[in-house]
Each structure stands twice: as structure tokens, then as C-alpha cells.
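Shown next, in C-alpha cells, is the structure this report addresses.
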Amino acid sequence: MKIKNFMSIAAALSLSLVLASCGSNTENAKNEPADNETKVEEKADDTADKSEETENTEENTADAPEEDKDEEEKAANPTGEEVNLTMVTDFGGVNDKSFNQSAYEGLQKAEEEGSAKFDYIESHKEADFVPNLESALDSESDIILTVGYALFPATDEAAEENPEQNYVIIDNANENDRENLLGVTFADHQNSFLVGYIAGMQSETNNVGFVGGIKGVIVDRFEYGFRAGVEQAAREKGEPITVQVQYANSFNDQAAGKNIADRMYQEGADVIFHAAGGVGIGVIEAAKENDKWVVGVDRDQQDEAPDNMLVSTVKGVGDAVRQIIDEYAQGKFEGGEQTFTLADGEAVTIAYADNGIVSQEIKDKVEEIKQQIIDGKIEVPENEEQAIDQGWIEK
């Protein structure tokens with residue numbers, strides 16, 4: 001960029017000299033006879049100067065793509081330094097096949113791209129949260145990232161006690177408006193409505209199931225969004241559809257997930273949707289053993305059961321994490337809240353399994369419903385009270 005500025009100045013000076021020379025020649029033309037020899041020499045010099053300017057301009061033009069590339073890289077990361085992060089997981093850990101793993105994969109990708117360096121600390125029980133956050137603070141990271149709403153109380157307290165440290169929590173709002181805490185949430189009820197509709201339309205027994213982890217605000221979005229979607233399908237089919245609901249009171253007890261799912265399948269369900277972290281791995285195993293259908297959560301889970309997976313809700317946690325890293329690198333990080341919805345493309349969406357089970361007719365209808373949700377024509381409940389008020393379930 002310095003070359004460009006220097007040449008701009010040189011060009012301006014050359015132009016000033018040419019104009020000054022022209023002004024002098026004009027005045028001499030009025031007072032003295034023209035000296036042809038002198039004019040030819042001056043013109044030759046001017047031509048040489050212009051030729052040199054042209055060559056320099058061409059050189060700058062040739063260099064422009066590389067300079068523009070450097071400028072783009074600088075804009076993406078003004079400091080040119082990697083952003084250091086430490087992630088603290090909830091009970092599921094980085095191999096939970098759910099949003100902890102999605103966050104982990106987002107950090108891996110950022111590290112591969114050279115925009116971040118990270119470490120992570122896995123939590124196995126609630127008592128781990130506070131000491132894990134204290135350990136993360138010792139790492140002197142630019143950002144401490146916590147994953148899962150269960151971590152909110154500990155994260156909020158840490159943010160209050162350490163105002164100079166930046167914190168991000170995935171799946172919970174910044175409830176107390178900490179200036180150094182960014183709460184990232186997702187409209188999980190919206191894509192849960194879509195998979196509920198798919199489950200209801202696909203069900204041959206008109207009996208589906210929902211397995212939750214621990215009852216709470218976040219999981220309520222999944223449950224009641226799903227149940228509303230099933231009801232939408234029931235209205236279109238003109239037939240009632242039973243929804244079995246049970247919670248495992250855990251996010252990592254795979255055996256509990258399998259037992260609950262086995263029971264639901266035995267009681268007539270042929271599709272189960274789970275929103276239970278690692279518990280869901282057990283649900284998927286039950287689907288395979290019972291040769292029934294299952295709906296994945298938070299990320300495309302078809303690899304876990306290629307022949308049994310209908311569709312998965314997708315929460316773009318990895319993309320959100322990378323976006324936060326980019327914003328920090330650009331000096332734009334600030335506390336507050338950020339919510340992603342169906343209108344935000346890949347941040348909140350669904351992913352069909354590549355097995356052809358869900359018909360194109362259903363898929364086309366899902367696209368219509370999705371747009372109606374985005375346009376506000378279909379209200380999707382986030383909890384029981386809204387589901388009752390909106391007429392999706394009975395009291």
C-alpha cells in the first residue's frame with residue numbers, strides 16, 4: 001500500500017510541473033517568438049515522463065491483486081494474530097454427537113484456517129463447572145466459550161467476577177446484561193416444528209415419541225415445537241396422532257435413552273425425536289435394534305443410523321462460533337445477545353438423510369411451512385403455555 005501512495009504523490013508532482021511548464025509556455029507565447037527546438041525537447045521530456053508514469057501505473061496494476069488480497073486478509077483479522085479460546089463443555093463432552101461436538105468442530109475448522117487456537121475442558125457433572133471455568137481463566141484466553149444452558153449460572157458468575165475477560169455461552173441468553181458476556185441462542189422450536197410435521201406425516205402408526213434430557217427452557221422449545229408440528233400433520237391427515245413424551249433427567253445417560261426409546265417403540269411409536277445430548281445416542285441405537293425411525297438433533301446425525309434416520313434438526317453452532325471468532329479478530333466483539341432463526345439459513349435448519357425415506361411431496365410441503373413460519377403466518381410455541389394458547393395442544 002505504501003507504493004500506491006508514493007506513486008500517487010509522484011504523479012501529482014509530475015502533473016503540477018507539467019501544468020507549471022504549460023503556464024510558463026503560454027505566457028512566453030504572448031511575449032516572445034516560439035523556439036521550435038526548445039519546444040521539441042520539452043515535449044520529448046514530457047513524453048518520457050508520461051511513459052515512465054504509465055510503466056509505474058502498469059506495475060501497480062499488476063501488483064494490485066496481491067495487495068487487494070493482503071487488504072482482505074487484514075480486514076478479516078486486523079491484528080494478524082490468532083484468537084485464543086478455551087471451551088468448557090457441559091456433560092455431553094466433545095463427542096456427544098450433538099451441539100458440544102458441533103462447537104468443537106467449529107473450533108477445529110477455525111484452527112485449520114489459522115484464525116484461532118483453542119483448548120477445551122470437558123465437564124462430567126455440574127460440580128465441575130466452576131473449577132473448569134477457573135482453569136479456563138488461568139489459560140489467559142481471549143474468549144472463554146461455554147456450551148449448554150446448564151453452564152449459565154457458573155458462566156454468569158465468572159463474567160461478573162472477571163469483567164476484563166470475554167465470555168460466550170452457547171444456548172443461553174445474557175440474562176443479566178453482562179458487558180463481557182455474549183449469549184448465543186437458536187430458535188430450536190422452529191426447526192423442531194418442521195421435523196414434527198415430517199414425523200407425523202411419515203408415521204404409519206400415528207404414534208410418535210419425544211425423548212428429552214433435562215426439563216428446562218431450552219428443551220421445552222424442542223418438545224413443544226415438535227408437538228405442534230405433529231399436530232399440524234394430524235390436521236392435514238385428518239387423524240389424531242399420539243405423542244409419547246419422557247425425560248431421562250440426564251444429558252449423558254445413553255442407557256436411559258435406549259430404555260426409554262425401546263419402551264416407546266414397543267408401545268406403538270414408529271418415529272422418535274430426541275433432544276437429550278448424549279442420551280440421544282441410546283435413542284438412536286434403539287431405533288436401529290427395533291428397525292424403527294428416528295429424528296436427529298442439533299447436527300446431521302444420519303451417519304449414526306443411515307437406514308433409520310428420517311431427518312435431523314441442525315443448529316449451526318460451529319458456524320456461530322467461527323463468526324464470533326471473526327468478529328473478535330476484527331475488533332467487533334461485544335457483550336449482549338445474538339439469536340439465530342429459520343430466516344438465517346444454515347444457522348437453524350434441517351438435514352434430510354440420504355436414504356429416500358421422506359418423499360419429495362412431504363419435502364415440498366415442508367418448504368411451504370418453513371416460509372410460513374418465517375413470514376409469521378404460523379406461530380410456533382416455545383413452551384407449554386404458548387402451545388395451549390395457540391391451540392396446538394389441549395390443557
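In the C-alpha cells, each chain is lettered A, B, ... as it comes, each chain's residues begin at 1, and ligands are numbered from 1 in order of appearance.
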request  = Using DSSP on the backbone, list every residue of segment 70-195 of chain A that comes out as strand (DSSP E), and give them as a ChimeraX atom specification.
outcome  = /A:83-88,116-121,143-147,166-170,181-186
query = Do you know which residues are at most 7 Å from segment 261-277 of chain A counting only C-alpha atoms, after dropping those on the same chain fewer than 2 positions away, and could you put them as a ChimeraX atom specification?
reply = /A:92,96,98,199,203,205,207-213,219,222,251-252,257-259,279-280,283,286,292-297
request  = Pick out the closest residue to Ile169 of chain A from this set: A:Gln246, A:Asn132, A:Ser115, A:Thr89. Count only C-alpha atoms.
outcome  =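 Closest to Ile169 of chain A of all the choices is A:Thr89.
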ask   = Can you list, as a ChimeraX atom specification, every protein, DNA or RNA residue that comes within 8 Å of Lys97 of chain A when you count only C-alpha atoms, leaving out same-chain residues fewer than 3 positions away?
value = /A:94,100-102,277-278,281,299,301
Could you take the residues named above and write them with C-alpha atoms, as a JSON list (two decimals), in the first residue's frame?
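result.json, written as the output of this step:
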```json
[["chain", "number", "residue", "atom", "x", "y", "z"],
["A", 94, "VAL", "CA", -16.94, -33.12, 22.60],
["A", 100, "ASN", "CA", -20.91, -29.76, 22.09],
["A", 101, "GLN", "CA", -19.39, -31.67, 19.21],
["A", 102, "SER", "CA", -20.63, -29.04, 16.74],
["A", 277, "GLY", "CA", -27.43, -34.64, 24.24],
["A", 278, "GLY", "CA", -25.55, -37.90, 24.74],
["A", 281, "ILE", "CA", -27.08, -41.94, 21.25],
["A", 299, "ARG", "CA", -26.39, -31.69, 13.75],
["A", 301, "GLN", "CA", -26.86, -37.43, 12.54]]
```
Would you kindly return, as a PDB file with all heavy atoms, in the first residue's frame, each protein, DNA or RNA residue with an atom no farther than 9 Å from any atom of Lys395 of chain A, considering only C-alpha atoms and excluding same-chain residues fewer than 2 positions away?
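This is the output file around-v6.pdb:
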```
ATOM      1  N   GLU A 384     -45.134 -24.885  27.042  1.00  0.00           N
ATOM      2  CA  GLU A 384     -46.478 -25.454  27.175  1.00  0.00           C
ATOM      3  C   GLU A 384     -47.550 -24.373  27.139  1.00  0.00           C
ATOM      4  O   GLU A 384     -48.587 -24.532  26.470  1.00  0.00           O
ATOM      5  CB  GLU A 384     -46.575 -26.243  28.480  1.00  0.00           C
ATOM      6  CG  GLU A 384     -47.929 -26.911  28.679  1.00  0.00           C
ATOM      7  CD  GLU A 384     -48.006 -27.695  29.976  1.00  0.00           C
ATOM      8  OE1 GLU A 384     -47.232 -27.382  30.914  1.00  0.00           O
ATOM      9  OE2 GLU A 384     -48.844 -28.626  30.061  1.00  0.00           O
ATOM     10  N   GLU A 385     -47.324 -23.287  27.843  1.00  0.00           N
ATOM     11  CA  GLU A 385     -48.328 -22.218  27.890  1.00  0.00           C
ATOM     12  C   GLU A 385     -48.642 -21.696  26.491  1.00  0.00           C
ATOM     13  O   GLU A 385     -49.813 -21.530  26.123  1.00  0.00           O
ATOM     14  CB  GLU A 385     -47.813 -21.071  28.775  1.00  0.00           C
ATOM     15  CG  GLU A 385     -48.807 -19.934  28.910  1.00  0.00           C
ATOM     16  CD  GLU A 385     -48.291 -18.808  29.788  1.00  0.00           C
ATOM     17  OE1 GLU A 385     -47.167 -18.940  30.331  1.00  0.00           O
ATOM     18  OE2 GLU A 385     -49.001 -17.791  29.927  1.00  0.00           O
ATOM     19  N   ILE A 388     -50.636 -24.234  24.400  1.00  0.00           N
ATOM     20  CA  ILE A 388     -52.067 -24.265  24.757  1.00  0.00           C
ATOM     21  C   ILE A 388     -52.768 -23.023  24.198  1.00  0.00           C
ATOM     22  O   ILE A 388     -53.829 -23.124  23.565  1.00  0.00           O
ATOM     23  CB  ILE A 388     -52.242 -24.345  26.289  1.00  0.00           C
ATOM     24  CG1 ILE A 388     -51.728 -25.686  26.801  1.00  0.00           C
ATOM     25  CG2 ILE A 388     -53.711 -24.144  26.668  1.00  0.00           C
ATOM     26  CD1 ILE A 388     -51.656 -25.786  28.311  1.00  0.00           C
ATOM     27  N   ILE A 393     -52.035 -27.838  21.553  1.00  0.00           N
ATOM     28  CA  ILE A 393     -52.311 -28.947  22.459  1.00  0.00           C
ATOM     29  C   ILE A 393     -53.437 -28.540  23.403  1.00  0.00           C
ATOM     30  O   ILE A 393     -53.713 -27.348  23.604  1.00  0.00           O
ATOM     31  CB  ILE A 393     -51.064 -29.361  23.287  1.00  0.00           C
ATOM     32  CG1 ILE A 393     -50.615 -28.225  24.212  1.00  0.00           C
ATOM     33  CG2 ILE A 393     -49.923 -29.782  22.375  1.00  0.00           C
ATOM     34  CD1 ILE A 393     -49.510 -28.623  25.170  1.00  0.00           C
TER      35      ILE A 393
END
```
